Amino acid sequence: MTDHVHDLQSVREATDRMLTALAKLDNAALAEESHLPGWTRGHVLAHLARNADALVNVFAGRPMYASAEARDHDIERDAPRPLEVQLADVRATHAAFLAQTELDQDWSRTVELRNGVTDLASNVPFRRLVEVELHHVDLNIGYELSDLPQEFTAREIAFLADRWSGRPEVPPVTLQIEGGGDGSTWHTGGGEGGPVTLLGTGAELLAWLAGRGDGGAHLTVVGGPLPALPPL
């Protein structure tokens with residue numbers, strides 16, 4: 001089982017790191033574009049706060065979001081708020097999420113997320129960590145994929161490789177740290193087409209899997225063209 005205690009500590013550290021960086025911004029900066037198309041930095045912060053609310057719902061056995069429309073509406077509603085309000089919301093919802101995880105509960109139980117997706121309760125803290133770390137990068141404030149903790153990068157590569165595994169629209173792909181690294185190798189895809197090997201740094205491999213950064217433009221591709229992945 002995933003070590004949820006370790007992951008919760010990582011969530012605390014990642015959130016503190018992000019909030020410290022955000023405190024250097026001003027209201028005008030929140031209205032500027034993030035790395036996510038169509039979203040300002042304010043949209044990213046609103047999403048992070050509402051995602052924490054949603055994960056409290058998951059732990060409490062309620063629907064993660066009332067509906068997809070309600071989720072999108074809440075993000076649009078909250079995106080224009082000033083920096084002080086945004087940071088207070090992220091702090092408060094982060095604290096509420098942590099408080100929910102401190103309740104006595106069965107961490108081995110299955111919980112329901114969005115769109116009928118299910119997972120073990122013990123994996124939810126890592127899912128929150130993914131939200132915080134990747135969206136810190138998405139904020140476009142100087143935190144890059146290459147700045148992510150190495151342990152996180154490897155785990156997220158493995159998670160996303162598993163997500164795309166067996167998908168018919170993705171050919172068989174092997175991902176490997178270029179130059180040997182720590183010897184880590186991952187496999188994904190499984191549809192039609194010849195096998196492709198992607199070589200690069202952990203950050204570059206994650207960029208391709210997560211649809212971030214240059215989308216894999218700096219990867220070394222062996223065996224065919226760089227495959228296109230569906231949106232996350």
# chains A, B, ... in the order shown; residues from 1 in each chain; ligands from 1
>>> residues_around(residues="segment 219-229 of chain A", least_positions_apart="3", cutoff="7 Å", atoms="only C-alpha atoms", output="tab-separated table (two decimals) with N, CA and C atoms, in the first residue's frame")
chain	number	residue	atom	x	y	z
A	170	VAL	N	-2.27	4.62	-28.59
A	170	VAL	CA	-0.88	4.88	-28.25
A	170	VAL	C	-0.06	3.63	-28.57
A	195	PRO	N	7.18	-0.57	-31.91
A	195	PRO	CA	7.61	-0.03	-30.61
A	195	PRO	C	8.51	1.19	-30.78
A	196	VAL	N	8.33	2.15	-29.89
A	196	VAL	CA	9.11	3.39	-29.89
A	196	VAL	C	9.79	3.52	-28.54
A	197	THR	N	11.03	3.98	-28.53
A	197	THR	CA	11.74	4.24	-27.29
A	197	THR	C	12.00	5.73	-27.18
A	198	LEU	N	11.70	6.29	-26.01
A	198	LEU	CA	11.93	7.70	-25.73
A	198	LEU	C	13.01	7.81	-24.68
A	199	LEU	N	14.05	8.59	-24.98
A	199	LEU	CA	15.17	8.79	-24.08
A	199	LEU	C	15.25	10.27	-23.71
A	200	GLY	N	15.43	10.54	-22.43
A	200	GLY	CA	15.55	11.92	-21.99
A	200	GLY	C	15.72	12.00	-20.49
A	204	GLU	N	11.95	15.70	-18.93
A	204	GLU	CA	11.52	15.64	-20.33
A	204	GLU	C	10.53	14.51	-20.57
A	216	GLY	N	7.81	17.06	-25.23
A	216	GLY	CA	8.71	16.00	-25.66
A	216	GLY	C	9.62	16.35	-26.81
>>> select_by_dssp(residues="segment 105-219 of chain A", states="alpha helix (DSSP H)", output="PyMOL selection string")
chain A and resi 124-138+150-164+202-210
>>> closest_residue(among="A:Leu139, A:Leu129, A:Leu113, A:Ala60", to="Ser34 of chain A", atoms="only C-alpha atoms")
A:Leu139
>>> residues_around(residues="Glu33 of chain A", least_positions_apart="4", cutoff="12 Å", atoms="only C-alpha atoms", output="ChimeraX atom specification")
/A:28-29,37-44,79,138-141
>>> write_last_selection(atoms="C-alpha atoms", output="PDB file, in the first residue's frame")
ATOM      1  CA  ALA A  28      -1.779  42.132 -11.560  1.00  0.00           C
ATOM      2  CA  ALA A  29       0.380  39.014 -11.836  1.00  0.00           C
ATOM      3  CA  PRO A  37      -4.161  27.471 -22.344  1.00  0.00           C
ATOM      4  CA  GLY A  38      -7.049  29.776 -21.475  1.00  0.00           C
ATOM      5  CA  TRP A  39      -6.213  29.923 -17.783  1.00  0.00           C
ATOM      6  CA  THR A  40      -4.672  32.788 -15.859  1.00  0.00           C
ATOM      7  CA  ARG A  41      -2.695  32.209 -12.678  1.00  0.00           C
ATOM      8  CA  GLY A  42      -5.916  33.047 -10.856  1.00  0.00           C
ATOM      9  CA  HIS A  43      -7.649  30.127 -12.559  1.00  0.00           C
ATOM     10  CA  VAL A  44      -4.902  27.750 -11.423  1.00  0.00           C
ATOM     11  CA  ALA A  79     -10.280  33.164 -10.707  1.00  0.00           C
ATOM     12  CA  ASP A 138       1.693  25.596 -14.513  1.00  0.00           C
ATOM     13  CA  LEU A 139       1.584  28.906 -12.621  1.00  0.00           C
ATOM     14  CA  ASN A 140       4.511  30.102 -14.754  1.00  0.00           C
ATOM     15  CA  ILE A 141       6.346  31.745 -11.859  1.00  0.00           C
TER      16      ILE A 141
END
>>> closest_residue(among="A:Val130, A:Ala207, A:Ala54, A:Leu103", to="Leu145 of chain A", atoms="only C-alpha atoms")
A:Ala207
>>> residues_around(residues="Phe59 of chain A", least_positions_apart="2", cutoff="8 Å", atoms="only C-alpha atoms", output="PyMOL selection string")
chain A and resi 55-57+61-62+100-101+111+121
>>> write_last_selection(atoms="C-alpha atoms", output="tab-separated table (two decimals), in the first residue's frame")
chain	number	residue	atom	x	y	z
A	55	LEU	CA	-10.92	15.67	-2.07
A	56	VAL	CA	-12.51	16.37	1.31
A	57	ASN	CA	-15.76	15.28	-0.32
A	61	GLY	CA	-18.05	9.69	0.82
A	62	ARG	CA	-19.70	12.50	-1.12
A	100	GLN	CA	-9.92	15.33	6.95
A	101	THR	CA	-6.98	12.96	6.49
A	111	VAL	CA	-13.12	5.77	-2.95
A	121	ALA	CA	-7.99	6.05	-0.13
>>> residues_around(residues="Arg77 of chain A", least_positions_apart="2", cutoff="12 Å", atoms="only C-alpha atoms", output="PyMOL selection string")
chain A and resi 42-43+45-47+50+70-75+79-81+86
>>> closest_residue(among="A:Gln176, A:Ser108, A:Asn123, A:Ser165", to="Gly189 of chain A", atoms="only C-alpha atoms")
A:Ser165
